[in-house]
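One file, model.cif, is given below (mmCIF, C-alpha atoms).
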data_run
#
loop_
_atom_site.label_atom_id
_atom_site.label_comp_id
_atom_site.auth_asym_id
_atom_site.auth_seq_id
_atom_site.Cartn_x
_atom_site.Cartn_y
_atom_site.Cartn_z
CA MET X 1 12.87 -10.24 -16.46
CA LEU X 2 12.61 -6.47 -16.49
CA ASP X 3 15.61 -4.50 -15.34
CA TYR X 4 14.90 -3.08 -11.89
CA THR X 5 16.42 -0.94 -9.16
CA ILE X 6 15.82 -1.34 -5.42
CA VAL X 7 15.73 2.00 -3.62
CA VAL X 8 15.42 2.69 0.11
CA PRO X 9 14.32 6.28 0.85
CA SER X 10 15.75 7.25 4.22
CA ARG X 11 15.61 10.11 6.70
CA LYS X 12 17.52 10.29 9.99
CA ARG X 13 17.94 6.50 10.13
CA GLN X 14 21.64 6.12 9.56
CA HIS X 15 21.60 3.94 12.68
CA ASN X 16 19.66 1.30 10.70
CA MET X 17 21.91 1.27 7.64
CA ALA X 18 24.01 -1.68 8.85
CA THR X 19 20.85 -3.78 8.81
CA ILE X 20 19.57 -2.38 5.50
CA THR X 21 22.85 -2.87 3.64
CA ARG X 22 23.12 -6.42 4.96
CA LEU X 23 19.57 -7.36 3.96
CA LEU X 24 19.56 -5.41 0.67
CA PRO X 25 23.20 -5.23 -0.49
CA THR X 26 22.28 -4.02 -4.01
CA ALA X 27 19.87 -1.27 -2.93
CA LEU X 28 20.44 2.43 -3.41
CA ILE X 29 19.90 4.54 -0.29
CA CYS X 30 18.09 7.75 -1.25
CA VAL X 31 18.85 10.54 1.21
CA ASP X 32 18.31 14.29 1.38
CA GLU X 33 21.60 15.92 0.44
CA ARG X 34 21.47 17.81 3.74
CA GLU X 35 21.97 14.47 5.54
CA ILE X 36 24.50 12.91 3.20
CA GLU X 37 27.47 13.33 5.56
CA ASP X 38 25.58 11.50 8.31
CA TYR X 39 25.15 8.48 6.02
CA ARG X 40 28.63 8.31 4.49
CA PRO X 41 30.16 6.31 7.37
CA HIS X 42 27.44 3.68 7.05
CA VAL X 43 26.80 3.36 3.29
CA ALA X 44 29.25 2.94 0.41
CA ALA X 45 29.45 6.03 -1.80
CA SER X 46 28.31 4.02 -4.83
CA ARG X 47 25.09 3.15 -3.02
CA LEU X 48 24.13 6.66 -1.92
CA LEU X 49 21.57 8.52 -4.02
CA PRO X 50 21.26 12.11 -2.73
CA HIS X 51 18.18 14.11 -3.62
CA PRO X 52 17.64 17.90 -3.41
CA PRO X 53 16.18 19.31 -0.19
CA MET X 54 12.52 18.41 0.17
CA ASP X 55 10.17 17.44 2.95
CA GLY X 56 8.27 14.19 3.30
CA LEU X 57 8.56 10.63 2.08
CA PHE X 58 6.19 11.07 -0.84
CA ALA X 59 8.04 14.02 -2.33
CA GLY X 60 11.16 11.88 -2.17
CA ILE X 61 9.46 8.93 -3.88
CA ASN X 62 8.22 11.24 -6.65
CA TRP X 63 11.81 12.38 -7.20
CA MET X 64 12.96 8.74 -7.26
CA MET X 65 10.28 7.90 -9.83
CA ASP X 66 11.61 10.63 -12.12
CA THR X 67 15.33 10.11 -11.50
CA VAL X 68 15.82 6.33 -11.48
CA LYS X 69 15.41 5.15 -15.07
CA SER X 70 15.02 1.38 -14.66
CA PRO X 71 11.78 0.00 -16.15
CA ALA X 72 10.85 -1.32 -12.68
CA LEU X 73 11.41 0.39 -9.34
CA ILE X 74 11.24 -1.46 -6.02
CA GLU X 75 10.89 0.64 -2.85
CA ILE X 76 11.50 -0.66 0.66
CA ASP X 77 11.27 1.40 3.84
CA ASP X 78 14.40 2.25 5.81
CA ASP X 79 13.22 0.50 8.99
CA PHE X 80 13.02 -2.88 7.23
CA ARG X 81 14.39 -5.73 9.35
CA GLY X 82 13.41 -8.99 7.64
CA VAL X 83 10.66 -11.01 5.97
CA GLN X 84 8.15 -13.11 7.87
CA VAL X 85 7.02 -16.15 5.88
CA LEU X 86 3.33 -16.75 6.56
CA THR X 87 3.09 -20.23 5.05
CA GLY X 88 4.63 -23.56 6.04
CA SER X 89 7.09 -23.21 8.90
CA ARG X 90 6.45 -19.43 9.08
CA ARG X 91 10.14 -18.65 9.46
CA PHE X 92 11.82 -15.22 9.53
CA ILE X 93 14.11 -14.49 6.56
CA THR X 94 17.23 -12.32 6.82
CA ASP X 95 19.21 -13.98 4.02
CA PRO X 96 19.70 -11.32 1.29
CA ILE X 97 19.62 -13.92 -1.50
CA GLU X 98 16.23 -15.23 -0.33
CA ILE X 99 14.85 -11.70 0.06
CA LEU X 100 15.99 -10.84 -3.47
CA ALA X 101 14.33 -14.02 -4.79
CA ILE X 102 11.01 -12.99 -3.18
CA LEU X 103 11.21 -9.55 -4.79
CA GLU X 104 12.19 -10.88 -8.20
CA ASN X 105 9.45 -13.52 -8.13
CA ALA X 106 6.86 -10.83 -7.38
CA LEU X 107 8.22 -8.64 -10.18
CA ILE X 108 8.12 -11.47 -12.73
CA THR X 109 4.58 -12.48 -11.71
CA CYS X 110 3.34 -8.88 -11.84
CA ASP X 111 4.85 -8.35 -15.30
CA ASP X 112 3.53 -11.67 -16.62
CA LEU X 113 0.01 -10.77 -15.46
CA GLY X 114 0.18 -7.39 -17.19
CA LEU X 115 -0.16 -5.50 -13.89
CA THR X 116 1.74 -2.41 -12.81
CA THR X 117 2.17 -2.75 -9.05
CA PHE X 118 3.01 -5.44 -6.52
CA CYS X 119 3.14 -5.42 -2.74
CA PHE X 120 3.02 -7.80 0.21
CA SER X 121 0.92 -8.59 3.26
CA ARG X 122 0.42 -5.75 5.71
CA THR X 123 0.03 -8.12 8.64
CA ALA X 124 1.98 -11.04 10.01
CA ASN X 125 -1.28 -12.59 11.23
CA TYR X 126 -1.71 -15.46 8.76
CA THR X 127 -5.15 -16.36 10.16
CA ILE X 128 -6.50 -13.11 8.71
CA VAL X 129 -4.92 -13.16 5.24
CA ARG X 130 -5.13 -16.98 4.82
CA PRO X 131 -2.09 -17.31 2.51
CA ASN X 132 -2.49 -21.06 2.08
CA GLU X 133 -5.92 -20.52 0.51
CA LYS X 134 -5.31 -17.26 -1.37
CA PRO X 135 -1.57 -16.64 -1.72
CA MET X 136 -2.11 -13.83 -4.24
CA VAL X 137 -4.92 -11.27 -4.07
CA PRO X 138 -5.75 -8.45 -6.55
CA SER X 139 -6.07 -5.60 -4.05
CA GLY X 140 -4.00 -4.35 -1.13
CA SER X 141 -2.22 -1.40 0.46
CA VAL X 142 0.86 -0.36 -1.49
CA CYS X 143 3.40 0.63 1.15
CA ASN X 144 6.52 -0.45 3.07
CA ALA X 145 7.75 -2.82 0.36
CA PHE X 146 6.41 -2.62 -3.19
CA GLY X 147 7.34 -2.47 -6.85
CA VAL X 148 6.05 -0.41 -9.78
CA LEU X 149 6.35 -0.78 -13.53
CA GLY X 150 4.47 0.31 -16.64
CA ALA X 151 1.90 3.06 -16.07
CA ALA X 152 2.46 3.09 -12.30
CA ARG X 153 6.11 3.98 -12.91
CA LYS X 154 5.02 7.51 -13.83
CA ARG X 155 2.24 7.96 -11.27
CA HIS X 156 3.19 10.62 -8.74
CA TYR X 157 2.05 10.78 -5.14
CA ASP X 158 -0.14 13.69 -4.07
CA THR X 159 2.01 15.30 -1.37
CA ARG X 160 -1.00 17.07 0.14
CA PHE X 161 -1.98 13.78 1.80
CA LEU X 162 0.58 14.11 4.57
CA GLY X 163 1.38 10.80 6.20
CA ARG X 164 -1.16 8.89 4.10
CA GLY X 165 -0.20 9.58 0.51
CA ASP X 166 0.22 5.84 0.04
CA VAL X 167 -3.53 5.33 0.64
CA ASP X 168 -4.44 7.90 -2.01
CA TRP X 169 -1.85 6.48 -4.43
CA THR X 170 -3.15 2.92 -3.95
CA CYS X 171 -6.75 4.00 -4.58
CA GLN X 172 -5.69 5.92 -7.69
CA THR X 173 -3.83 2.85 -8.97
CA LEU X 174 -6.82 0.59 -8.32
CA LEU X 175 -8.96 3.08 -10.22
CA GLU X 176 -6.67 3.49 -13.23
CA ASP X 177 -4.96 0.08 -13.47
CA ARG X 178 -7.83 -1.91 -11.87
CA ALA X 179 -5.72 -4.16 -9.64
CA VAL X 180 -2.49 -4.53 -7.71
CA LEU X 181 -0.79 -7.84 -7.01
CA GLN X 182 -0.48 -8.50 -3.28
CA ASP X 183 1.55 -11.56 -2.32
CA VAL X 184 0.24 -12.33 1.16
CA ARG X 185 2.67 -15.20 1.71
CA TYR X 186 5.22 -12.67 2.93
CA TYR X 187 5.23 -9.86 5.47
CA PHE X 188 8.05 -7.32 5.15
CA ASP X 189 8.62 -6.35 8.77
CA CYS X 190 9.29 -2.63 9.17
CA GLY X 191 8.43 -2.38 12.87
CA ASN X 192 5.75 -0.19 14.40
CA VAL X 193 3.89 2.18 12.09
CA PHE X 194 5.08 5.73 12.79
CA GLY X 195 7.29 4.32 15.54
CA GLY X 196 10.96 4.71 16.40
CA ARG X 197 13.20 7.54 15.25
CA GLY X 198 13.51 9.11 11.81
CA GLY X 199 11.45 8.35 8.72
CA ASN X 200 8.14 10.22 8.77
CA VAL X 201 8.17 10.40 12.57
CA GLY X 202 7.93 14.03 13.67
CA LEU X 203 7.09 15.40 10.20
CA VAL X 204 3.31 15.17 10.51
CA THR X 205 1.37 16.66 13.42
CA PRO X 206 -1.80 14.94 14.76
CA GLU X 207 -3.81 17.85 13.34
CA GLN X 208 -2.30 17.42 9.88
CA PHE X 209 -2.87 13.68 10.07
CA ALA X 210 -6.55 14.19 10.97
CA LEU X 211 -6.95 16.67 8.08
CA THR X 212 -5.43 14.15 5.68
CA SER X 213 -7.86 11.48 6.89
CA ARG X 214 -10.81 13.80 6.21
CA ARG X 215 -9.46 14.61 2.75
CA LEU X 216 -9.12 10.93 1.93
CA LYS X 217 -12.70 10.28 2.99
CA ALA X 218 -13.93 13.25 0.96
CA LYS X 219 -12.10 12.05 -2.16
CA TRP X 220 -12.62 8.28 -1.96
CA GLY X 221 -15.78 7.92 0.13
CA LYS X 222 -16.77 4.31 0.85
CA HIS X 223 -13.54 3.01 -0.68
CA VAL X 224 -11.59 3.94 2.44
CA SER X 225 -12.59 2.83 5.90
CA PHE X 226 -11.47 3.99 9.33
CA LYS X 227 -12.80 1.00 11.22
CA GLY X 228 -10.23 -0.51 13.54
CA LEU X 229 -8.31 -3.52 12.27
CA ASN X 230 -7.45 -6.29 14.70
CA PHE X 231 -4.01 -6.83 13.26
CA GLU X 232 -2.96 -3.18 13.54
CA LYS X 233 -2.29 -3.26 17.25
CA ASN X 234 1.35 -2.45 16.53
CA LYS X 235 0.47 1.03 15.25
CA ALA X 236 1.51 4.08 17.22
CA ARG X 237 -1.36 5.06 19.53
CA ASP X 238 -2.05 8.39 17.82
CA VAL X 239 -2.31 6.84 14.33
CA ALA X 240 -5.94 6.11 13.43
CA ALA X 241 -6.57 2.82 11.65
CA ILE X 242 -7.42 2.92 7.96
CA LYS X 243 -8.01 0.32 5.29
CA ILE X 244 -8.69 0.36 1.57
CA ALA X 245 -12.15 -1.09 1.02
CA VAL X 246 -11.84 -1.95 -2.66
CA SER X 247 -12.68 -5.47 -3.74
CA ARG X 248 -11.36 -6.94 -6.96
CA THR X 249 -12.71 -10.45 -6.30
CA ASN X 250 -15.88 -11.82 -7.86
CA LYS X 251 -17.83 -13.03 -4.83
CA THR X 252 -20.07 -15.27 -6.93
CA ALA X 253 -17.08 -17.01 -8.50
CA GLN X 254 -15.65 -17.65 -5.04
CA LYS X 255 -18.70 -19.61 -3.84
#
Please express what this file holds, its structure, as structure tokens.
Amino acid sequence: MLDYTIVVPSRKRQHNMATITRLLPTALICVDEREIEDYRPHVAASRLLPHPPMDGLFAGINWMMDTVKSPALIEIDDDFRGVQVLTGSRRFITDPIEILAILENALITCDDLGLTTFCFSRTANYTIVRPNEKPMVPSGSVCNAFGVLGAARKRHYDTRFLGRGDVDWTCQTLLEDRAVLQDVRYYFDCGNVFGGRGGNVGLVTPEQFALTSRRLKAKWGKHVSFKGLNFEKNKARDVAAIKIAVSRTNKTAQK
């Protein structure tokens, strides 16, 4: 298996570090050096990865891409609180060994298939993603919990897409690498989108968010859609729904 590093980019969420370090005991916590003293009481010094002052999650991820040298990089959001299993008994996992096994299994599968990116279901609604029928799909939104290797390891985010750089990055990856591996058997629960304190909350105004949405539509056209999604009822009210409308499945072969 490829050597990998798990990194959790964090901003103003030191209050969640007890949960993060329990669920992901081997992860590095990447924090703006201006906040490092706030995190020291909650994270061991060996696990803190301070980055120079910069604004926004995607600038931080770009820095992580360049700084962390492992062949594979796994990123998980700092509001992560457990994994919902969408098959079988549909239990909720908080055991760090089980969580690590899920991540390593996805990494091995992605590498074996010759792909560059893996991610997980973006909804806990198993009736929509149908994990028992299609546990792995070749297209999905790369955010919240994902891993990159190969060509994707050097693909930077466009920081002009404030709040939605992950949508642009996913589309670019689907264009250049043709597919991403989405394991829809698991939902990495990170709470409400743009909810709570810290993270990207408060960094992007509604006006900037609307501008980003228009830029995405101008760049990617029909491959992004702003139609409401039934399973996104847990989004913050001022966050417009968006989905990546890129199919990598042969419809004829599926009949």
List every protein, DNA or RNA residue with an atom no more than 7 Å from (10.3, -6.7, -17.4) in the file's coordinates, counting only C-alpha atoms, and format the result as a ChimeraX atom specification. /X:1-3,71,111
Selection result for the PyMOL selection byres ((chain X and resi 120-127) around 9) on this file, as a list in words: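 What the PyMOL selection byres ((chain X and resi 120-127) around 9) grabs from the file is Gln84, Val85, Leu86, Thr87, Phe118, Cys119, Ile128, Val129, Arg130, Pro131, Asn132, Gly140, Ser141, Val142, Cys143, Asn144, Ala145, Phe146, Leu181, Gln182, Asp183, Val184, Arg185, Tyr186, Tyr187, Phe188, Asp189, Phe231 and Glu232 of chain X.
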Could you list the residues chosen by the PyMOL selection byres ((chain X and resi 43) around 9) in this structure as an mmCIF file with C-alpha atoms, in the coordinates of the input?
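out22.cif written:
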data_model
loop_
_atom_site.group_PDB
_atom_site.id
_atom_site.type_symbol
_atom_site.label_atom_id
_atom_site.label_comp_id
_atom_site.auth_asym_id
_atom_site.auth_seq_id
_atom_site.Cartn_x
_atom_site.Cartn_y
_atom_site.Cartn_z
ATOM 1 C CA GLN X 14 21.640 6.120 9.560
ATOM 2 C CA MET X 17 21.910 1.270 7.640
ATOM 3 C CA ALA X 18 24.010 -1.680 8.850
ATOM 4 C CA THR X 21 22.850 -2.870 3.640
ATOM 5 C CA ILE X 29 19.900 4.540 -0.290
ATOM 6 C CA TYR X 39 25.150 8.480 6.020
ATOM 7 C CA ARG X 40 28.630 8.310 4.490
ATOM 8 C CA PRO X 41 30.160 6.310 7.370
ATOM 9 C CA HIS X 42 27.440 3.680 7.050
ATOM 10 C CA ALA X 44 29.250 2.940 0.410
ATOM 11 C CA ALA X 45 29.450 6.030 -1.800
ATOM 12 C CA SER X 46 28.310 4.020 -4.830
ATOM 13 C CA ARG X 47 25.090 3.150 -3.020
ATOM 14 C CA LEU X 48 24.130 6.660 -1.920
#
Looking at all atoms listed in the file, which of X:Gly56, X:Pro9, X:Gly191, X:Leu24 is the one that sits closest to X:Thr94?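 Closest to X:Thr94, using all atoms listed in the file: X:Leu24.
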Need the shell around X:Val246: protein/DNA/RNA residues with any atom at most 9 Å away, counting all atoms listed in the file. Skip same-chain ones fewer than 5 positions apart. Format as a PyMOL selection string? chain X and resi 139-140+171+174+222-224
Excluding X:Arg248 and its own-chain neighbours fewer than 4 positions away, which residues fall within 8 Å of it when counting all atoms listed in the file? Please give them as a ChimeraX atom specification. /X:138-139,178-179
Starting from the shown file, work through the PyMOL selection byres ((chain X and resi 32) around 6) and note down what comes out as an MDAnalysis selection string. chainID X and resid 31 33:35 50:51 53
Residues near stretch 156-166 of chain X, cut-off 7 Å, all atoms listed in the file, skip fewer than 5 positions along chain, as an MDAnalysis selection string: chainID X and resid 58:59 62 142:143 204 208:209 212
